[in-house]
>>> print(open('final.pdb').read())   # PDB, C-alpha atoms, pLDDT in the B column
ATOM      1  CA  MET A   1       0.000   0.000   0.000  1.00 49.00           C
ATOM      2  CA  HIS A   2       1.264   3.469  -0.889  1.00 52.00           C
ATOM      3  CA  ALA A   3       1.803   6.037   1.791  1.00 54.00           C
ATOM      4  CA  SER A   4      -0.128   9.237   1.373  1.00 51.00           C
ATOM      5  CA  PRO A   5       1.584  12.591   1.895  1.00 50.00           C
ATOM      6  CA  PRO A   6       1.775  13.715   5.512  1.00 51.00           C
ATOM      7  CA  LEU A   7      -0.958  15.954   6.871  1.00 50.00           C
ATOM      8  CA  GLY A   8      -0.419  19.445   5.559  1.00 50.00           C
ATOM      9  CA  MET A   9       1.399  18.156   2.454  1.00 51.00           C
ATOM     10  CA  PHE A  10      -0.547  18.291  -0.786  1.00 51.00           C
ATOM     11  CA  CYS A  11       0.380  16.951  -4.199  1.00 53.00           C
ATOM     12  CA  LEU A  12       0.389  19.309  -7.164  1.00 50.00           C
ATOM     13  CA  GLN A  13      -0.615  16.664  -9.722  1.00 49.00           C
ATOM     14  CA  SER A  14      -2.966  14.161  -8.112  1.00 47.00           C
ATOM     15  CA  ARG A  15      -6.595  15.265  -8.043  1.00 50.00           C
ATOM     16  CA  LYS A  16      -8.159  12.044  -6.775  1.00 47.00           C
ATOM     17  CA  HIS A  17      -8.362  11.595  -3.039  1.00 51.00           C
ATOM     18  CA  GLN A  18      -8.598   7.805  -3.178  1.00 52.00           C
ATOM     19  CA  LYS A  19      -5.136   7.268  -4.673  1.00 56.00           C
ATOM     20  CA  PRO A  20      -2.018   8.469  -2.914  1.00 57.00           C
ATOM     21  CA  CYS A  21       0.291  10.862  -4.671  1.00 56.00           C
ATOM     22  CA  LYS A  22       2.966   9.055  -6.689  1.00 57.00           C
ATOM     23  CA  SER A  23       4.753  12.274  -7.521  1.00 55.00           C
ATOM     24  CA  ALA A  24       7.532  13.740  -5.437  1.00 54.00           C
ATOM     25  CA  LYS A  25       6.131  17.194  -6.158  1.00 56.00           C
ATOM     26  CA  THR A  26       4.450  18.021  -2.899  1.00 57.00           C
ATOM     27  CA  PHE A  27       4.579  21.250  -1.020  1.00 56.00           C
ATOM     28  CA  ARG A  28       3.983  22.207   2.573  1.00 61.00           C
ATOM     29  CA  LEU A  29       1.044  24.440   3.360  1.00 56.00           C
ATOM     30  CA  ASP A  30       1.383  26.746   6.310  1.00 59.00           C
ATOM     31  CA  GLN A  31      -1.283  26.234   8.946  1.00 59.00           C
ATOM     32  CA  GLY A  32      -2.213  29.913   8.793  1.00 60.00           C
ATOM     33  CA  SER A  33      -2.142  30.440   5.029  1.00 67.00           C
ATOM     34  CA  SER A  34      -5.426  31.157   3.280  1.00 71.00           C
ATOM     35  CA  LEU A  35      -4.561  28.701   0.490  1.00 71.00           C
ATOM     36  CA  GLY A  36      -4.001  25.965   3.055  1.00 68.00           C
ATOM     37  CA  ARG A  37      -7.350  26.655   4.701  1.00 69.00           C
ATOM     38  CA  LEU A  38      -9.080  26.676   1.314  1.00 68.00           C
ATOM     39  CA  VAL A  39      -7.550  23.340   0.273  1.00 67.00           C
ATOM     40  CA  ARG A  40      -8.440  21.716   3.615  1.00 67.00           C
ATOM     41  CA  LEU A  41     -11.985  23.089   3.384  1.00 67.00           C
ATOM     42  CA  MET A  42     -12.429  21.763  -0.152  1.00 66.00           C
ATOM     43  CA  VAL A  43     -11.098  18.325   0.815  1.00 64.00           C
ATOM     44  CA  ALA A  44     -13.029  18.115   4.076  1.00 60.00           C
ATOM     45  CA  THR A  45     -16.451  19.280   2.883  1.00 57.00           C
ATOM     46  CA  LYS A  46     -17.469  16.800   0.245  1.00 59.00           C
ATOM     47  CA  THR A  47     -21.250  16.687   0.267  1.00 63.00           C
ATOM     48  CA  HIS A  48     -23.530  15.146  -2.311  1.00 67.00           C
ATOM     49  CA  ALA A  49     -26.933  16.609  -3.000  1.00 72.00           C
ATOM     50  CA  GLN A  50     -29.674  14.025  -2.779  1.00 76.00           C
ATOM     51  CA  ALA A  51     -33.236  14.169  -3.980  1.00 74.00           C
ATOM     52  CA  PRO A  52     -35.782  14.231  -1.188  1.00 80.00           C
ATOM     53  CA  ALA A  53     -37.167  10.843  -0.203  1.00 85.00           C
ATOM     54  CA  ARG A  54     -40.478  10.082  -1.869  1.00 85.00           C
ATOM     55  CA  SER A  55     -43.189   7.799  -0.651  1.00 89.00           C
ATOM     56  CA  LEU A  56     -44.292   4.801  -2.678  1.00 89.00           C
ATOM     57  CA  ASP A  57     -47.493   6.621  -3.663  1.00 91.00           C
ATOM     58  CA  GLN A  58     -45.540   9.633  -4.913  1.00 92.00           C
ATOM     59  CA  ARG A  59     -43.210   7.424  -6.954  1.00 92.00           C
ATOM     60  CA  MET A  60     -46.106   5.481  -8.474  1.00 94.00           C
ATOM     61  CA  GLU A  61     -47.925   8.716  -9.336  1.00 95.00           C
ATOM     62  CA  ALA A  62     -44.800  10.127 -11.020  1.00 93.00           C
ATOM     63  CA  LEU A  63     -44.344   6.873 -12.932  1.00 95.00           C
ATOM     64  CA  GLN A  64     -47.957   6.996 -14.122  1.00 96.00           C
ATOM     65  CA  ARG A  65     -47.579  10.628 -15.276  1.00 95.00           C
ATOM     66  CA  ALA A  66     -44.374   9.768 -17.143  1.00 95.00           C
ATOM     67  CA  ASN A  67     -46.044   6.814 -18.856  1.00 96.00           C
ATOM     68  CA  ASP A  68     -49.025   8.978 -19.859  1.00 96.00           C
ATOM     69  CA  VAL A  69     -46.683  11.578 -21.380  1.00 95.00           C
ATOM     70  CA  ARG A  70     -44.811   8.875 -23.329  1.00 96.00           C
ATOM     71  CA  VAL A  71     -48.052   7.378 -24.681  1.00 96.00           C
ATOM     72  CA  ARG A  72     -49.421  10.783 -25.730  1.00 96.00           C
ATOM     73  CA  ARG A  73     -46.121  11.745 -27.408  1.00 96.00           C
ATOM     74  CA  ALA A  74     -46.008   8.452 -29.298  1.00 95.00           C
ATOM     75  CA  GLN A  75     -49.551   9.058 -30.539  1.00 96.00           C
ATOM     76  CA  LEU A  76     -48.639  12.612 -31.559  1.00 95.00           C
ATOM     77  CA  LYS A  77     -45.640  11.332 -33.528  1.00 95.00           C
ATOM     78  CA  ARG A  78     -47.859   8.788 -35.297  1.00 96.00           C
ATOM     79  CA  ASP A  79     -50.341  11.578 -36.117  1.00 95.00           C
ATOM     80  CA  LEU A  80     -47.509  13.771 -37.446  1.00 94.00           C
ATOM     81  CA  LYS A  81     -46.268  10.924 -39.616  1.00 94.00           C
ATOM     82  CA  ALA A  82     -49.793  10.309 -40.946  1.00 94.00           C
ATOM     83  CA  GLY A  83     -50.352  14.011 -41.638  1.00 91.00           C
ATOM     84  CA  GLN A  84     -53.235  14.319 -39.160  1.00 94.00           C
ATOM     85  CA  GLU A  85     -51.351  16.899 -37.066  1.00 92.00           C
ATOM     86  CA  SER A  86     -49.228  19.810 -38.245  1.00 92.00           C
ATOM     87  CA  ILE A  87     -45.804  20.542 -36.831  1.00 93.00           C
ATOM     88  CA  GLU A  88     -46.478  24.275 -37.113  1.00 93.00           C
ATOM     89  CA  ASP A  89     -49.400  24.085 -34.667  1.00 92.00           C
ATOM     90  CA  ILE A  90     -47.369  22.002 -32.245  1.00 93.00           C
ATOM     91  CA  LEU A  91     -44.396  24.368 -32.336  1.00 93.00           C
ATOM     92  CA  LEU A  92     -46.427  27.575 -32.074  1.00 92.00           C
ATOM     93  CA  ASP A  93     -48.822  26.352 -29.366  1.00 92.00           C
ATOM     94  CA  PRO A  94     -47.367  23.181 -27.826  1.00 93.00           C
ATOM     95  CA  PRO A  95     -49.518  20.965 -25.620  1.00 93.00           C
ATOM     96  CA  GLU A  96     -48.212  20.533 -22.068  1.00 93.00           C
ATOM     97  CA  TYR A  97     -47.027  16.963 -22.653  1.00 94.00           C
ATOM     98  CA  VAL A  98     -44.801  18.069 -25.565  1.00 94.00           C
ATOM     99  CA  SER A  99     -42.965  20.808 -23.664  1.00 93.00           C
ATOM    100  CA  THR A 100     -40.152  18.482 -22.522  1.00 93.00           C
ATOM    101  CA  ALA A 101     -39.817  16.685 -25.881  1.00 94.00           C
ATOM    102  CA  LYS A 102     -36.832  17.488 -28.083  1.00 95.00           C
ATOM    103  CA  VAL A 103     -37.581  19.651 -31.139  1.00 94.00           C
ATOM    104  CA  PHE A 104     -35.273  17.386 -33.152  1.00 95.00           C
ATOM    105  CA  ASP A 105     -37.410  14.325 -32.290  1.00 94.00           C
ATOM    106  CA  MET A 106     -40.606  16.135 -33.273  1.00 94.00           C
ATOM    107  CA  LEU A 107     -39.094  17.147 -36.630  1.00 94.00           C
ATOM    108  CA  MET A 108     -37.968  13.570 -37.202  1.00 94.00           C
ATOM    109  CA  ALA A 109     -41.612  12.464 -36.968  1.00 94.00           C
ATOM    110  CA  VAL A 110     -42.571  14.723 -39.896  1.00 93.00           C
ATOM    111  CA  PRO A 111     -42.757  12.913 -43.266  1.00 93.00           C
ATOM    112  CA  LYS A 112     -39.733  13.462 -45.527  1.00 90.00           C
ATOM    113  CA  PHE A 113     -37.679  14.765 -42.591  1.00 90.00           C
ATOM    114  CA  GLY A 114     -34.730  12.687 -41.498  1.00 92.00           C
ATOM    115  CA  ARG A 115     -31.713  13.370 -39.354  1.00 94.00           C
ATOM    116  CA  VAL A 116     -29.919  15.491 -41.941  1.00 95.00           C
ATOM    117  CA  LYS A 117     -32.838  17.772 -42.863  1.00 93.00           C
ATOM    118  CA  ALA A 118     -33.892  18.184 -39.221  1.00 93.00           C
ATOM    119  CA  ALA A 119     -30.331  19.034 -38.149  1.00 94.00           C
ATOM    120  CA  ARG A 120     -29.887  21.453 -41.054  1.00 94.00           C
ATOM    121  CA  LEU A 121     -33.167  23.236 -40.253  1.00 93.00           C
ATOM    122  CA  LEU A 122     -32.238  23.590 -36.577  1.00 94.00           C
ATOM    123  CA  ASN A 123     -28.758  24.852 -37.458  1.00 94.00           C
ATOM    124  CA  GLN A 124     -30.200  27.521 -39.765  1.00 92.00           C
ATOM    125  CA  CYS A 125     -32.362  28.752 -36.885  1.00 91.00           C
ATOM    126  CA  ARG A 126     -29.420  28.607 -34.450  1.00 92.00           C
ATOM    127  CA  ILE A 127     -31.203  26.035 -32.288  1.00 93.00           C
ATOM    128  CA  SER A 128     -29.406  23.215 -30.502  1.00 94.00           C
ATOM    129  CA  GLN A 129     -30.503  19.673 -31.336  1.00 93.00           C
ATOM    130  CA  SER A 130     -30.999  19.040 -27.635  1.00 94.00           C
ATOM    131  CA  LYS A 131     -33.427  21.982 -27.227  1.00 95.00           C
ATOM    132  CA  THR A 132     -36.878  21.080 -25.938  1.00 94.00           C
ATOM    133  CA  VAL A 133     -40.114  22.380 -27.446  1.00 94.00           C
ATOM    134  CA  GLY A 134     -40.923  24.183 -24.193  1.00 94.00           C
ATOM    135  CA  GLY A 135     -37.466  25.765 -24.114  1.00 94.00           C
ATOM    136  CA  LEU A 136     -37.847  27.548 -27.459  1.00 94.00           C
ATOM    137  CA  SER A 137     -38.078  31.321 -27.429  1.00 93.00           C
ATOM    138  CA  GLU A 138     -40.752  33.098 -29.453  1.00 93.00           C
ATOM    139  CA  ARG A 139     -38.127  34.155 -31.992  1.00 92.00           C
ATOM    140  CA  GLN A 140     -36.955  30.568 -32.377  1.00 93.00           C
ATOM    141  CA  ARG A 141     -40.528  29.279 -32.737  1.00 93.00           C
ATOM    142  CA  THR A 142     -41.519  31.741 -35.439  1.00 93.00           C
ATOM    143  CA  GLU A 143     -38.221  31.415 -37.317  1.00 93.00           C
ATOM    144  CA  LEU A 144     -38.462  27.614 -37.238  1.00 94.00           C
ATOM    145  CA  VAL A 145     -42.052  27.614 -38.515  1.00 93.00           C
ATOM    146  CA  GLU A 146     -41.227  30.143 -41.260  1.00 93.00           C
ATOM    147  CA  LEU A 147     -38.239  28.121 -42.445  1.00 90.00           C
ATOM    148  CA  PHE A 148     -40.264  24.916 -42.258  1.00 86.00           C
ATOM    149  CA  ASN A 149     -43.050  26.424 -44.384  1.00 86.00           C
ATOM    150  CA  HIS A 150     -40.518  27.844 -46.821  1.00 84.00           C
ATOM    151  CA  ARG A 151     -39.002  24.358 -47.317  1.00 74.00           C
ATOM    152  CA  SER A 152     -42.337  22.633 -47.803  1.00 59.00           C
TER     153      SER A 152
END
>>> encode(input="final.pdb", output="C-alpha coordinates")
Amino acid sequence: MHASPPLGMFCLQSRKHQKPCKSAKTFRLDQGSSLGRLVRLMVATKTHAQAPARSLDQRMEALQRANDVRVRRAQLKRDLKAGQESIEDILLDPPEYVSTAKVFDMLMAVPKFGRVKAARLLNQCRISQSKTVGGLSERQRTELVELFNHRS
(Lines of atoms letter the chains of each structure in order from A and count residues from 1; the text may use other names and numbers.)
(Lines give C-alpha, C1' and ligand atoms only; values in the text may rest on other atoms or scores of the structure.)
Protein backbone atom coordinates (compact mmCIF):
# COMPACT_ATOMS: atom_id res chain seq x y z
CA MET A 1 0.00 0.00 0.00
CA HIS A 2 1.26 3.47 -0.89
CA ALA A 3 1.80 6.04 1.79
CA SER A 4 -0.13 9.24 1.37
CA PRO A 5 1.58 12.59 1.89
CA PRO A 6 1.77 13.71 5.51
CA LEU A 7 -0.96 15.95 6.87
CA GLY A 8 -0.42 19.45 5.56
CA MET A 9 1.40 18.16 2.45
CA PHE A 10 -0.55 18.29 -0.79
CA CYS A 11 0.38 16.95 -4.20
CA LEU A 12 0.39 19.31 -7.16
CA GLN A 13 -0.61 16.66 -9.72
CA SER A 14 -2.97 14.16 -8.11
CA ARG A 15 -6.59 15.26 -8.04
CA LYS A 16 -8.16 12.04 -6.78
CA HIS A 17 -8.36 11.60 -3.04
CA GLN A 18 -8.60 7.80 -3.18
CA LYS A 19 -5.14 7.27 -4.67
CA PRO A 20 -2.02 8.47 -2.91
CA CYS A 21 0.29 10.86 -4.67
CA LYS A 22 2.97 9.06 -6.69
CA SER A 23 4.75 12.27 -7.52
CA ALA A 24 7.53 13.74 -5.44
CA LYS A 25 6.13 17.19 -6.16
CA THR A 26 4.45 18.02 -2.90
CA PHE A 27 4.58 21.25 -1.02
CA ARG A 28 3.98 22.21 2.57
CA LEU A 29 1.04 24.44 3.36
CA ASP A 30 1.38 26.75 6.31
CA GLN A 31 -1.28 26.23 8.95
CA GLY A 32 -2.21 29.91 8.79
CA SER A 33 -2.14 30.44 5.03
CA SER A 34 -5.43 31.16 3.28
CA LEU A 35 -4.56 28.70 0.49
CA GLY A 36 -4.00 25.97 3.05
CA ARG A 37 -7.35 26.65 4.70
CA LEU A 38 -9.08 26.68 1.31
CA VAL A 39 -7.55 23.34 0.27
CA ARG A 40 -8.44 21.72 3.61
CA LEU A 41 -11.98 23.09 3.38
CA MET A 42 -12.43 21.76 -0.15
CA VAL A 43 -11.10 18.33 0.81
CA ALA A 44 -13.03 18.11 4.08
CA THR A 45 -16.45 19.28 2.88
CA LYS A 46 -17.47 16.80 0.24
CA THR A 47 -21.25 16.69 0.27
CA HIS A 48 -23.53 15.15 -2.31
CA ALA A 49 -26.93 16.61 -3.00
CA GLN A 50 -29.67 14.02 -2.78
CA ALA A 51 -33.24 14.17 -3.98
CA PRO A 52 -35.78 14.23 -1.19
CA ALA A 53 -37.17 10.84 -0.20
CA ARG A 54 -40.48 10.08 -1.87
CA SER A 55 -43.19 7.80 -0.65
CA LEU A 56 -44.29 4.80 -2.68
CA ASP A 57 -47.49 6.62 -3.66
CA GLN A 58 -45.54 9.63 -4.91
CA ARG A 59 -43.21 7.42 -6.95
CA MET A 60 -46.11 5.48 -8.47
CA GLU A 61 -47.92 8.72 -9.34
CA ALA A 62 -44.80 10.13 -11.02
CA LEU A 63 -44.34 6.87 -12.93
CA GLN A 64 -47.96 7.00 -14.12
CA ARG A 65 -47.58 10.63 -15.28
CA ALA A 66 -44.37 9.77 -17.14
CA ASN A 67 -46.04 6.81 -18.86
CA ASP A 68 -49.03 8.98 -19.86
CA VAL A 69 -46.68 11.58 -21.38
CA ARG A 70 -44.81 8.87 -23.33
CA VAL A 71 -48.05 7.38 -24.68
CA ARG A 72 -49.42 10.78 -25.73
CA ARG A 73 -46.12 11.74 -27.41
CA ALA A 74 -46.01 8.45 -29.30
CA GLN A 75 -49.55 9.06 -30.54
CA LEU A 76 -48.64 12.61 -31.56
CA LYS A 77 -45.64 11.33 -33.53
CA ARG A 78 -47.86 8.79 -35.30
CA ASP A 79 -50.34 11.58 -36.12
CA LEU A 80 -47.51 13.77 -37.45
CA LYS A 81 -46.27 10.92 -39.62
CA ALA A 82 -49.79 10.31 -40.95
CA GLY A 83 -50.35 14.01 -41.64
CA GLN A 84 -53.24 14.32 -39.16
CA GLU A 85 -51.35 16.90 -37.07
CA SER A 86 -49.23 19.81 -38.25
CA ILE A 87 -45.80 20.54 -36.83
CA GLU A 88 -46.48 24.27 -37.11
CA ASP A 89 -49.40 24.08 -34.67
CA ILE A 90 -47.37 22.00 -32.24
CA LEU A 91 -44.40 24.37 -32.34
CA LEU A 92 -46.43 27.58 -32.07
CA ASP A 93 -48.82 26.35 -29.37
CA PRO A 94 -47.37 23.18 -27.83
CA PRO A 95 -49.52 20.97 -25.62
CA GLU A 96 -48.21 20.53 -22.07
CA TYR A 97 -47.03 16.96 -22.65
CA VAL A 98 -44.80 18.07 -25.57
CA SER A 99 -42.97 20.81 -23.66
CA THR A 100 -40.15 18.48 -22.52
CA ALA A 101 -39.82 16.69 -25.88
CA LYS A 102 -36.83 17.49 -28.08
CA VAL A 103 -37.58 19.65 -31.14
CA PHE A 104 -35.27 17.39 -33.15
CA ASP A 105 -37.41 14.33 -32.29
CA MET A 106 -40.61 16.13 -33.27
CA LEU A 107 -39.09 17.15 -36.63
CA MET A 108 -37.97 13.57 -37.20
CA ALA A 109 -41.61 12.46 -36.97
CA VAL A 110 -42.57 14.72 -39.90
CA PRO A 111 -42.76 12.91 -43.27
CA LYS A 112 -39.73 13.46 -45.53
CA PHE A 113 -37.68 14.76 -42.59
CA GLY A 114 -34.73 12.69 -41.50
CA ARG A 115 -31.71 13.37 -39.35
CA VAL A 116 -29.92 15.49 -41.94
CA LYS A 117 -32.84 17.77 -42.86
CA ALA A 118 -33.89 18.18 -39.22
CA ALA A 119 -30.33 19.03 -38.15
CA ARG A 120 -29.89 21.45 -41.05
CA LEU A 121 -33.17 23.24 -40.25
CA LEU A 122 -32.24 23.59 -36.58
CA ASN A 123 -28.76 24.85 -37.46
CA GLN A 124 -30.20 27.52 -39.77
CA CYS A 125 -32.36 28.75 -36.89
CA ARG A 126 -29.42 28.61 -34.45
CA ILE A 127 -31.20 26.04 -32.29
CA SER A 128 -29.41 23.21 -30.50
CA GLN A 129 -30.50 19.67 -31.34
CA SER A 130 -31.00 19.04 -27.63
CA LYS A 131 -33.43 21.98 -27.23
CA THR A 132 -36.88 21.08 -25.94
CA VAL A 133 -40.11 22.38 -27.45
CA GLY A 134 -40.92 24.18 -24.19
CA GLY A 135 -37.47 25.76 -24.11
CA LEU A 136 -37.85 27.55 -27.46
CA SER A 137 -38.08 31.32 -27.43
CA GLU A 138 -40.75 33.10 -29.45
CA ARG A 139 -38.13 34.16 -31.99
CA GLN A 140 -36.95 30.57 -32.38
CA ARG A 141 -40.53 29.28 -32.74
CA THR A 142 -41.52 31.74 -35.44
CA GLU A 143 -38.22 31.41 -37.32
CA LEU A 144 -38.46 27.61 -37.24
CA VAL A 145 -42.05 27.61 -38.51
CA GLU A 146 -41.23 30.14 -41.26
CA LEU A 147 -38.24 28.12 -42.45
CA PHE A 148 -40.26 24.92 -42.26
CA ASN A 149 -43.05 26.42 -44.38
CA HIS A 150 -40.52 27.84 -46.82
CA ARG A 151 -39.00 24.36 -47.32
CA SER A 152 -42.34 22.63 -47.80
>>> residues_around(input="final.pdb", residues="Leu122 (chain A)", least_positions_apart="6", cutoff="9 Å", atoms="all atoms listed in the file", output="list in words")
Val103, Phe104, Ser128, Gln129 and Leu144 of chain A
>>> atom_distance(input="final.pdb", atom1="CA of Asp68 (chain A)", atom2="CA of Glu96 (chain A)")
11.8 Å
>>> closest_residue(input="final.pdb", among="A:Arg72, A:Arg65, A:Lys81, A:Arg120", to="Leu147 (chain A)", atoms="only C-alpha atoms")
A:Arg120
>>> atom_distance(input="final.pdb", atom1="CA of Ala49 (chain A)", atom2="CA of Leu35 (chain A)")
25.7 Å
>>> residues_near_point(input="final.pdb", point="(-33.5, 23.0, -27.1)", cutoff="10 Å", atoms="all atoms listed in the file", output="PyMOL selection string")
chain A and resi 100-104+122+127-137+140
>>> atom_distance(input="final.pdb", atom1="CA of Ala118 (chain A)", atom2="CA of Phe148 (chain A)")
9.8 Å
